[in-house]
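Below: the structure, in structure tokens.
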Amino acid sequence: MVGACYMQAFVEQGHSLVGLCDLQPNAAVADAVQAAGAQVHTAPGAWLAEADVVVSAVFGTVARSLFEACLPHLRDSVVYVDMTTADPQEMRECGELARRVAQGRAVHFVDVAITGAVNLGGRKTPLLVAGGKAGFVQELFLLLGGSVRVVGGQPGDAAALKLLRSIYTKGTEALAVECLVTAQKMGLREQLHAVLQDIDETPLRTLMESMVRTHIPHSARRRNEVAEARQQMARNGLAPIALPAVEALFAATARAHAVQPFTGTSTDEAIDWLGSHVLASQA
């Protein structure tokens with residue numbers, strides 16, 4: 001979907017399509033490629049040498065192996081745009097690989113993180129860009145009408161920020177599922193939105209920092225409130241999955257606070273304390 005979206009966007013901007021690589025192209029994609037005067041390929045090959053810009057939109061788990069397969073076929077000064085949600089370290093390694101293995105050719109690896117839903121925003125979906133040619137890629141994608149922000153000079157910087165964002169957005173999504181399903185069961189869905197209005201009116205940064213700053217001293221009381229919320233879900237015939245993890249975090253903070261009380265007052269102090277006493281790896 002991502003590849004087809006940006007392929008069409010670039011063609012409409014007047015760029016020439018060299019080809020599209022897809023193991024199982026559907027009929028709509030194949031027709032679009034043919035209409036653009038190109039061919040569908042099922043593997044990287046010599047045809048890639050015609051491209052000035054190569055866009056990878058595969059699963060993050062195969063991002064590096066695909067780049068390695070493409071590397072021998074890339075032309076000098078090519079810009080390789082990786083739009084996968086891959087491990088930031090793998091993005092850094094791909095950048096290093098581009099520098100070491102190009103054999104006299106300049107291969108520019110650029111990490112692009114998609115921070116929205118392409119099925120909703122299409123070519124205008126916000127993007128984060130990192131790498132030596134990030135500025136070039138930013139200009140290229142800005143012409144498509146979206147928000148494109150350069151966030152770092154090294155591949156992996158964009159992927160790291162996207163995964164940080166995912167901690168919040170995917171965690172919020174999981175809790176939204178449990179919250180709205182429970183509210184619907186109780187016939188309180190519309191009333192719930194009304195009582196959440198204060199959160200809707202609070203700037204996100206203010207909300208997050210306030211939550212973290214007050215989390216430690218109030219963790220025991222808030223853990224009890226989460227336990228009551230779990231019981232309410234159970235009474236309505238629901239088995240929460242995300243909420244028990246929330247309760248476990250509050251309980252862990254309360255235990256740590258009882259052993260070594262937090263005496264700070266700032267968000268920075270709270271973050272440092274939580275990183276050392278609650279979220280520190282035990283490995």
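The way I read the labels, and the way they are meant: chains A, B, ... in the order of the structure tokens, residue 1 as the first residue of every chain, and ligand 1 as the first ligand shown, with later ones counted on from there.
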
If we count only C-alpha atoms and set the cut-off at 12 Å, which residues sit around His108 (chain A), ignoring sequence neighbours fewer than 3 positions away in its own chain? Please answer as number ranges by chain. A: 52-55, 67, 71, 74-82, 94-102, 105, 111, 130-137, 153-155

Residues at most 12 Å from Ile241 (chain A), counting only C-alpha atoms, excluding those fewer than 3 positions away in the same chain, as a ChimeraX atom specification? /A:171,174-179,230,233-234,238,244-248

If we count only C-alpha atoms and set the cut-off at 12 Å, which residues sit around Asp22 (chain A), ignoring sequence neighbours fewer than 3 positions away in its own chain? Please answer as number ranges by chain. A: 1, 3-4, 19, 25-27, 29-30, 33, 39-44, 56-58, 66

Using the selection just defined, write its residues with all heavy atoms as a compact mmCIF listing (two decimals), in the first residue's frame.
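Heads up, here's the output in selection_21.txt:
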# COMPACT_ATOMS: atom_id res chain seq x y z
N MET A 1 0.82 -1.20 0.00
CA MET A 1 0.00 0.00 0.00
C MET A 1 0.86 1.26 0.00
O MET A 1 0.60 2.21 -0.75
CB MET A 1 -0.92 0.00 1.23
CG MET A 1 -1.83 1.22 1.31
SD MET A 1 -2.81 1.21 2.81
CE MET A 1 -1.53 1.33 4.06
N GLY A 3 4.06 1.53 -0.93
CA GLY A 3 4.79 1.62 -2.18
C GLY A 3 3.90 2.11 -3.32
O GLY A 3 4.30 2.98 -4.11
N ALA A 4 2.70 1.58 -3.39
CA ALA A 4 1.78 1.98 -4.46
C ALA A 4 1.38 3.44 -4.33
O ALA A 4 1.29 4.17 -5.33
CB ALA A 4 0.54 1.09 -4.44
N GLY A 19 10.75 0.97 -12.38
CA GLY A 19 10.13 -0.33 -12.17
C GLY A 19 9.64 -0.44 -10.76
O GLY A 19 9.91 0.41 -9.91
N PRO A 25 2.38 -8.89 -6.76
CA PRO A 25 1.66 -7.66 -7.12
C PRO A 25 0.20 -7.94 -7.45
O PRO A 25 -0.11 -8.91 -8.13
CB PRO A 25 2.42 -7.16 -8.35
CG PRO A 25 3.01 -8.39 -8.95
CD PRO A 25 3.36 -9.28 -7.79
N ASN A 26 -0.70 -7.09 -6.91
CA ASN A 26 -2.09 -7.27 -7.28
C ASN A 26 -2.36 -6.60 -8.63
O ASN A 26 -1.53 -5.88 -9.17
CB ASN A 26 -3.03 -6.73 -6.19
CG ASN A 26 -2.84 -5.24 -5.94
OD1 ASN A 26 -2.68 -4.45 -6.87
ND2 ASN A 26 -2.85 -4.85 -4.67
N ALA A 27 -3.51 -6.84 -9.17
CA ALA A 27 -3.83 -6.38 -10.52
C ALA A 27 -3.80 -4.85 -10.62
O ALA A 27 -3.33 -4.29 -11.61
CB ALA A 27 -5.20 -6.91 -10.95
N VAL A 29 -2.01 -2.68 -8.88
CA VAL A 29 -0.63 -2.19 -8.88
C VAL A 29 0.03 -2.48 -10.22
O VAL A 29 0.70 -1.62 -10.81
CB VAL A 29 0.17 -2.82 -7.72
CG1 VAL A 29 1.66 -2.51 -7.87
CG2 VAL A 29 -0.33 -2.30 -6.38
N ALA A 30 -0.17 -3.68 -10.72
CA ALA A 30 0.43 -4.06 -12.01
C ALA A 30 -0.07 -3.15 -13.12
O ALA A 30 0.71 -2.72 -13.99
CB ALA A 30 0.11 -5.51 -12.32
N VAL A 33 1.61 0.31 -12.79
CA VAL A 33 3.00 0.27 -13.24
C VAL A 33 3.06 0.25 -14.77
O VAL A 33 3.85 0.98 -15.39
CB VAL A 33 3.72 -0.97 -12.66
CG1 VAL A 33 5.11 -1.12 -13.28
CG2 VAL A 33 3.83 -0.86 -11.15
N GLN A 39 7.82 -1.85 -15.68
CA GLN A 39 7.53 -3.26 -15.48
C GLN A 39 7.54 -3.61 -14.00
O GLN A 39 8.23 -2.96 -13.21
CB GLN A 39 8.55 -4.14 -16.21
CG GLN A 39 8.49 -4.05 -17.72
CD GLN A 39 9.48 -5.00 -18.38
OE1 GLN A 39 10.38 -5.52 -17.72
NE2 GLN A 39 9.30 -5.25 -19.66
N VAL A 40 6.81 -4.67 -13.67
CA VAL A 40 6.84 -5.22 -12.31
C VAL A 40 7.89 -6.31 -12.25
O VAL A 40 7.94 -7.19 -13.13
CB VAL A 40 5.47 -5.79 -11.90
CG1 VAL A 40 5.57 -6.46 -10.53
CG2 VAL A 40 4.42 -4.70 -11.89
N HIS A 41 8.75 -6.26 -11.25
CA HIS A 41 9.79 -7.27 -11.05
C HIS A 41 9.52 -7.98 -9.72
O HIS A 41 8.94 -7.41 -8.80
CB HIS A 41 11.17 -6.62 -11.01
CG HIS A 41 11.48 -5.81 -12.23
ND1 HIS A 41 12.11 -6.35 -13.35
CD2 HIS A 41 11.25 -4.51 -12.52
CE1 HIS A 41 12.25 -5.41 -14.26
NE2 HIS A 41 11.74 -4.27 -13.80
N THR A 42 9.97 -9.21 -9.63
CA THR A 42 9.78 -9.97 -8.40
C THR A 42 11.06 -10.08 -7.57
O THR A 42 11.08 -10.73 -6.53
CB THR A 42 9.25 -11.38 -8.71
OG1 THR A 42 10.14 -12.03 -9.60
CG2 THR A 42 7.85 -11.30 -9.32
N ALA A 43 12.13 -9.43 -8.02
CA ALA A 43 13.39 -9.45 -7.28
C ALA A 43 14.25 -8.27 -7.73
O ALA A 43 14.12 -7.78 -8.86
CB ALA A 43 14.14 -10.75 -7.52
N PRO A 44 15.13 -7.78 -6.85
CA PRO A 44 16.07 -6.74 -7.28
C PRO A 44 16.97 -7.28 -8.39
O PRO A 44 17.24 -8.48 -8.46
CB PRO A 44 16.89 -6.47 -6.00
CG PRO A 44 16.05 -6.98 -4.89
CD PRO A 44 15.30 -8.14 -5.44
N SER A 56 12.19 1.89 -0.63
CA SER A 56 11.86 0.58 -0.05
C SER A 56 10.70 0.75 0.92
O SER A 56 10.77 1.56 1.84
CB SER A 56 13.08 0.01 0.69
OG SER A 56 12.71 -1.13 1.44
N ALA A 57 9.64 -0.03 0.71
CA ALA A 57 8.47 0.05 1.58
C ALA A 57 8.03 -1.36 1.98
O ALA A 57 6.88 -1.75 1.80
CB ALA A 57 7.33 0.78 0.87
N VAL A 58 8.97 -2.13 2.52
CA VAL A 58 8.70 -3.51 2.91
C VAL A 58 8.55 -3.61 4.43
O VAL A 58 8.59 -2.61 5.14
CB VAL A 58 9.84 -4.44 2.43
CG1 VAL A 58 9.90 -4.44 0.91
CG2 VAL A 58 11.18 -4.01 3.01
N LEU A 66 16.83 -6.86 2.12
CA LEU A 66 16.46 -6.31 0.82
C LEU A 66 17.51 -5.29 0.36
O LEU A 66 17.91 -5.29 -0.81
CB LEU A 66 15.09 -5.64 0.89
CG LEU A 66 14.65 -4.97 -0.42
CD1 LEU A 66 14.50 -6.00 -1.53
CD2 LEU A 66 13.37 -4.19 -0.24

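Closest to Gln13 (chain A) among A:Val112, A:Val278, A:Arg123, A:Ala46 is A:Arg123, based on only C-alpha atoms.
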
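Residues within 12 Å of Asp268 (chain A), counting only C-alpha atoms and excluding same-chain residues fewer than 2 positions away, are Glu209, Ser210, Val212, Arg213, Thr214, Gly264, Thr265, Ser266, Ala270, Ile271, Asp272, Trp273, Leu274 and Gly275 of chain A.
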
Could you write out that same residue set with N, CA and C atoms as a PDB file, in the first residue's frame?
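Written out: result04.pdb:
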ATOM      1  N   GLU A 209       4.053  15.264  30.828  1.00  0.00           N
ATOM      2  CA  GLU A 209       5.006  15.640  31.866  1.00  0.00           C
ATOM      3  C   GLU A 209       4.336  15.680  33.234  1.00  0.00           C
ATOM      4  N   SER A 210       3.085  16.122  33.288  1.00  0.00           N
ATOM      5  CA  SER A 210       2.353  16.129  34.562  1.00  0.00           C
ATOM      6  C   SER A 210       2.125  14.709  35.061  1.00  0.00           C
ATOM      7  N   VAL A 212       3.955  12.009  34.467  1.00  0.00           N
ATOM      8  CA  VAL A 212       5.209  11.423  34.957  1.00  0.00           C
ATOM      9  C   VAL A 212       5.642  12.079  36.268  1.00  0.00           C
ATOM     10  N   ARG A 213       5.476  13.387  36.366  1.00  0.00           N
ATOM     11  CA  ARG A 213       5.922  14.118  37.557  1.00  0.00           C
ATOM     12  C   ARG A 213       5.126  13.712  38.800  1.00  0.00           C
ATOM     13  N   THR A 214       3.845  13.414  38.640  1.00  0.00           N
ATOM     14  CA  THR A 214       3.004  13.072  39.791  1.00  0.00           C
ATOM     15  C   THR A 214       2.856  11.561  39.983  1.00  0.00           C
ATOM     16  N   GLY A 264      12.325  14.110  44.778  1.00  0.00           N
ATOM     17  CA  GLY A 264      12.431  15.183  43.793  1.00  0.00           C
ATOM     18  C   GLY A 264      11.088  15.846  43.542  1.00  0.00           C
ATOM     19  N   THR A 265      11.126  16.893  42.722  1.00  0.00           N
ATOM     20  CA  THR A 265       9.903  17.629  42.390  1.00  0.00           C
ATOM     21  C   THR A 265       9.741  17.867  40.893  1.00  0.00           C
ATOM     22  N   SER A 266      10.808  17.705  40.122  1.00  0.00           N
ATOM     23  CA  SER A 266      10.748  18.022  38.695  1.00  0.00           C
ATOM     24  C   SER A 266      10.503  16.778  37.856  1.00  0.00           C
ATOM     25  N   ALA A 270      11.990  12.898  38.209  1.00  0.00           N
ATOM     26  CA  ALA A 270      11.090  11.739  38.196  1.00  0.00           C
ATOM     27  C   ALA A 270      11.508  10.734  37.125  1.00  0.00           C
ATOM     28  N   ILE A 271      11.864  11.222  35.935  1.00  0.00           N
ATOM     29  CA  ILE A 271      12.289  10.342  34.849  1.00  0.00           C
ATOM     30  C   ILE A 271      13.553   9.578  35.249  1.00  0.00           C
ATOM     31  N   ASP A 272      14.521  10.273  35.831  1.00  0.00           N
ATOM     32  CA  ASP A 272      15.762   9.627  36.253  1.00  0.00           C
ATOM     33  C   ASP A 272      15.492   8.554  37.306  1.00  0.00           C
ATOM     34  N   TRP A 273      14.641   8.885  38.284  1.00  0.00           N
ATOM     35  CA  TRP A 273      14.334   7.935  39.362  1.00  0.00           C
ATOM     36  C   TRP A 273      13.616   6.700  38.799  1.00  0.00           C
ATOM     37  N   LEU A 274      12.649   6.898  37.938  1.00  0.00           N
ATOM     38  CA  LEU A 274      11.896   5.780  37.351  1.00  0.00           C
ATOM     39  C   LEU A 274      12.788   4.886  36.496  1.00  0.00           C
ATOM     40  N   GLY A 275      13.709   5.524  35.767  1.00  0.00           N
ATOM     41  CA  GLY A 275      14.626   4.745  34.951  1.00  0.00           C
ATOM     42  C   GLY A 275      15.560   3.885  35.787  1.00  0.00           C
TER      43      GLY A 275
END

Which of region 15-244 of chain A end up as strand (DSSP E or B) when DSSP is run on this backbone - answer as an NGL selection string? :A and (19-21 or 39-41 or 53-56 or 78-82 or 107-114 or 127-130 or 148-152)

Got time to write the residues from that selection, N, CA and C atoms, as an mmCIF file, in the first residue's frame?
data_model
loop_
_atom_site.group_PDB
_atom_site.id
_atom_site.type_symbol
_atom_site.label_atom_id
_atom_site.label_comp_id
_atom_site.auth_asym_id
_atom_site.auth_seq_id
_atom_site.Cartn_x
_atom_site.Cartn_y
_atom_site.Cartn_z
ATOM 1 N N GLY A 19 10.750 0.972 -12.378
ATOM 2 C CA GLY A 19 10.125 -0.329 -12.172
ATOM 3 C C GLY A 19 9.635 -0.442 -10.759
ATOM 4 N N LEU A 20 8.881 -1.499 -10.483
ATOM 5 C CA LEU A 20 8.394 -1.771 -9.136
ATOM 6 C C LEU A 20 8.666 -3.224 -8.812
ATOM 7 N N CYS A 21 9.169 -3.471 -7.615
ATOM 8 C CA CYS A 21 9.490 -4.834 -7.185
ATOM 9 C C CYS A 21 8.468 -5.292 -6.149
ATOM 10 N N GLN A 39 7.821 -1.849 -15.683
ATOM 11 C CA GLN A 39 7.526 -3.262 -15.485
ATOM 12 C C GLN A 39 7.544 -3.611 -14.000
ATOM 13 N N VAL A 40 6.810 -4.674 -13.668
ATOM 14 C CA VAL A 40 6.840 -5.218 -12.309
ATOM 15 C C VAL A 40 7.894 -6.308 -12.255
ATOM 16 N N HIS A 41 8.753 -6.257 -11.254
ATOM 17 C CA HIS A 41 9.790 -7.268 -11.050
ATOM 18 C C HIS A 41 9.524 -7.979 -9.724
ATOM 19 N N VAL A 53 16.656 7.341 -7.553
ATOM 20 C CA VAL A 53 16.097 7.198 -6.206
ATOM 21 C C VAL A 53 15.403 5.850 -6.127
ATOM 22 N N VAL A 54 15.701 5.092 -5.092
ATOM 23 C CA VAL A 54 15.043 3.802 -4.848
ATOM 24 C C VAL A 54 14.295 3.905 -3.527
ATOM 25 N N VAL A 55 13.016 3.543 -3.525
ATOM 26 C CA VAL A 55 12.184 3.620 -2.322
ATOM 27 C C VAL A 55 11.841 2.205 -1.872
ATOM 28 N N SER A 56 12.190 1.887 -0.633
ATOM 29 C CA SER A 56 11.861 0.580 -0.053
ATOM 30 C C SER A 56 10.704 0.749 0.923
ATOM 31 N N VAL A 78 23.205 7.155 -6.134
ATOM 32 C CA VAL A 78 21.799 6.827 -5.894
ATOM 33 C C VAL A 78 21.407 7.180 -4.457
ATOM 34 N N VAL A 79 20.149 7.546 -4.262
ATOM 35 C CA VAL A 79 19.587 7.778 -2.931
ATOM 36 C C VAL A 79 18.612 6.646 -2.649
ATOM 37 N N TYR A 80 18.908 5.863 -1.616
ATOM 38 C CA TYR A 80 18.074 4.720 -1.239
ATOM 39 C C TYR A 80 17.232 5.146 -0.044
ATOM 40 N N VAL A 81 15.928 5.227 -0.233
ATOM 41 C CA VAL A 81 15.001 5.724 0.785
ATOM 42 C C VAL A 81 14.300 4.543 1.439
ATOM 43 N N ASP A 82 14.610 4.282 2.692
ATOM 44 C CA ASP A 82 14.005 3.157 3.412
ATOM 45 C C ASP A 82 12.837 3.659 4.248
ATOM 46 N N VAL A 107 26.575 5.544 -2.470
ATOM 47 C CA VAL A 107 25.201 5.118 -2.199
ATOM 48 C C VAL A 107 24.751 5.823 -0.927
ATOM 49 N N HIS A 108 23.695 6.601 -1.031
ATOM 50 C CA HIS A 108 23.212 7.395 0.096
ATOM 51 C C HIS A 108 21.975 6.725 0.694
ATOM 52 N N PHE A 109 22.109 6.207 1.906
ATOM 53 C CA PHE A 109 21.005 5.514 2.578
ATOM 54 C C PHE A 109 20.283 6.508 3.486
ATOM 55 N N VAL A 110 18.985 6.659 3.286
ATOM 56 C CA VAL A 110 18.183 7.615 4.068
ATOM 57 C C VAL A 110 17.044 6.873 4.743
ATOM 58 N N ASP A 111 16.923 7.096 6.030
ATOM 59 C CA ASP A 111 15.915 6.469 6.883
ATOM 60 C C ASP A 111 14.690 7.396 6.955
ATOM 61 N N VAL A 112 13.517 6.903 6.521
ATOM 62 C CA VAL A 112 12.281 7.685 6.569
ATOM 63 C C VAL A 112 11.250 6.929 7.399
ATOM 64 N N ALA A 113 10.734 7.575 8.424
ATOM 65 C CA ALA A 113 9.725 6.956 9.290
ATOM 66 C C ALA A 113 8.368 7.596 9.019
ATOM 67 N N ILE A 114 7.378 6.776 8.751
ATOM 68 C CA ILE A 114 6.004 7.250 8.528
ATOM 69 C C ILE A 114 5.319 7.347 9.883
ATOM 70 N N LEU A 127 6.066 12.585 7.743
ATOM 71 C CA LEU A 127 7.267 11.763 7.642
ATOM 72 C C LEU A 127 8.398 12.370 8.459
ATOM 73 N N LEU A 128 9.246 11.495 9.025
ATOM 74 C CA LEU A 128 10.492 11.891 9.671
ATOM 75 C C LEU A 128 11.636 11.367 8.813
ATOM 76 N N VAL A 129 12.670 12.182 8.617
ATOM 77 C CA VAL A 129 13.752 11.818 7.698
ATOM 78 C C VAL A 129 15.100 11.973 8.393
ATOM 79 N N ALA A 130 16.005 10.996 8.187
ATOM 80 C CA ALA A 130 17.348 11.063 8.776
ATOM 81 C C ALA A 130 18.361 10.437 7.824
ATOM 82 N N VAL A 148 7.124 16.957 6.238
ATOM 83 C CA VAL A 148 8.358 16.167 6.197
ATOM 84 C C VAL A 148 9.394 16.876 7.062
ATOM 85 N N ARG A 149 9.837 16.210 8.136
ATOM 86 C CA ARG A 149 10.744 16.833 9.095
ATOM 87 C C ARG A 149 12.068 16.079 9.155
ATOM 88 N N VAL A 150 13.173 16.804 8.982
ATOM 89 C CA VAL A 150 14.498 16.202 9.147
ATOM 90 C C VAL A 150 14.787 16.126 10.649
ATOM 91 N N VAL A 151 15.108 14.915 11.140
ATOM 92 C CA VAL A 151 15.269 14.722 12.586
ATOM 93 C C VAL A 151 16.657 14.231 12.972
ATOM 94 N N GLY A 152 17.542 14.008 11.995
ATOM 95 C CA GLY A 152 18.875 13.536 12.346
ATOM 96 C C GLY A 152 19.745 13.342 11.129
#

If you run DSSP on the backbone, which residues of region 199-280 of chain A are alpha helix (DSSP H), as JSON, numbers by chain? {"A": [199, 200, 204, 205, 206, 207, 208, 209, 210, 211, 212, 213, 214, 215, 219, 220, 221, 222, 223, 224, 225, 226, 227, 228, 229, 230, 231, 232, 233, 234, 235, 242, 243, 244, 245, 246, 247, 248, 249, 250, 251, 252, 253, 254, 255, 256, 257, 258, 259, 267, 268, 269, 270, 271, 272, 273, 274, 275, 276, 277]}

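Comparing A:Glu93, A:Thr115, A:Ala9, A:Leu48 by their smallest distance to Leu161 (chain A), the closest is A:Thr115 (using only C-alpha atoms).
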
Nearby residues (only C-alpha atoms) at most 10 Å from Leu144 (chain A), same-chain spacing under 3 positions excluded, as a PDB file with N, CA and C atoms, in the first residue's frame:
ATOM      1  N   TYR A   6       3.093   6.015  -2.929  1.00  0.00           N
ATOM      2  CA  TYR A   6       4.155   6.958  -3.294  1.00  0.00           C
ATOM      3  C   TYR A   6       4.590   6.792  -4.750  1.00  0.00           C
ATOM      4  N   ALA A   9       2.190   8.928  -6.536  1.00  0.00           N
ATOM      5  CA  ALA A   9       2.443  10.340  -6.239  1.00  0.00           C
ATOM      6  C   ALA A   9       3.632  10.865  -7.028  1.00  0.00           C
ATOM      7  N   PHE A  10       4.708  10.098  -7.102  1.00  0.00           N
ATOM      8  CA  PHE A  10       5.890  10.543  -7.836  1.00  0.00           C
ATOM      9  C   PHE A  10       5.634  10.599  -9.343  1.00  0.00           C
ATOM     10  N   GLU A  12       2.793  11.232 -10.737  1.00  0.00           N
ATOM     11  CA  GLU A  12       1.966  12.420 -10.969  1.00  0.00           C
ATOM     12  C   GLU A  12       2.780  13.702 -10.873  1.00  0.00           C
ATOM     13  N   GLN A  13       3.916  13.655 -10.169  1.00  0.00           N
ATOM     14  CA  GLN A  13       4.801  14.815 -10.073  1.00  0.00           C
ATOM     15  C   GLN A  13       5.738  14.927 -11.276  1.00  0.00           C
ATOM     16  N   GLY A 122      -2.580   9.201   2.925  1.00  0.00           N
ATOM     17  CA  GLY A 122      -1.985   9.074   1.605  1.00  0.00           C
ATOM     18  C   GLY A 122      -0.621   9.732   1.536  1.00  0.00           C
ATOM     19  N   ARG A 123      -0.347  10.417   0.448  1.00  0.00           N
ATOM     20  CA  ARG A 123       0.958  11.057   0.221  1.00  0.00           C
ATOM     21  C   ARG A 123       1.223  12.206   1.195  1.00  0.00           C
ATOM     22  N   LYS A 124       0.193  12.668   1.905  1.00  0.00           N
ATOM     23  CA  LYS A 124       0.345  13.774   2.848  1.00  0.00           C
ATOM     24  C   LYS A 124       0.619  13.299   4.277  1.00  0.00           C
ATOM     25  N   THR A 125       0.782  12.001   4.463  1.00  0.00           N
ATOM     26  CA  THR A 125       1.069  11.461   5.797  1.00  0.00           C
ATOM     27  C   THR A 125       2.402  12.014   6.307  1.00  0.00           C
ATOM     28  N   GLU A 139      12.988  17.641   0.503  1.00  0.00           N
ATOM     29  CA  GLU A 139      12.507  18.455  -0.614  1.00  0.00           C
ATOM     30  C   GLU A 139      11.712  17.608  -1.606  1.00  0.00           C
ATOM     31  N   LEU A 140      12.164  16.389  -1.844  1.00  0.00           N
ATOM     32  CA  LEU A 140      11.498  15.489  -2.779  1.00  0.00           C
ATOM     33  C   LEU A 140      10.073  15.176  -2.320  1.00  0.00           C
ATOM     34  N   PHE A 141       9.920  14.871  -1.031  1.00  0.00           N
ATOM     35  CA  PHE A 141       8.613  14.475  -0.518  1.00  0.00           C
ATOM     36  C   PHE A 141       7.730  15.675  -0.178  1.00  0.00           C
ATOM     37  N   SER A 147       3.777  16.781   5.470  1.00  0.00           N
ATOM     38  CA  SER A 147       4.722  17.304   6.459  1.00  0.00           C
ATOM     39  C   SER A 147       5.945  16.392   6.482  1.00  0.00           C
ATOM     40  N   VAL A 148       7.124  16.957   6.238  1.00  0.00           N
ATOM     41  CA  VAL A 148       8.358  16.167   6.197  1.00  0.00           C
ATOM     42  C   VAL A 148       9.394  16.876   7.062  1.00  0.00           C
TER      43      VAL A 148
END

If we count only C-alpha atoms, what is near region 215-228 of chain A at a cut-off of 7 Å, once residues fewer than 3 positions away on the same chain are taken out, given as a ChimeraX atom specification? /A:211-212,231-232,247,250-251,253-254,257

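The residue that comes closest to Val18 (chain A), out of A:Glu50, A:Glu90, A:Asp157, A:Asp200 and on the basis of only C-alpha atoms, is A:Glu50.
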
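Proximity to Ala280 (chain A) was assessed for A:Ala183, A:Ala252, A:Ala258, A:Cys5 counting only C-alpha atoms; the smallest distance is recorded for A:Ala252.
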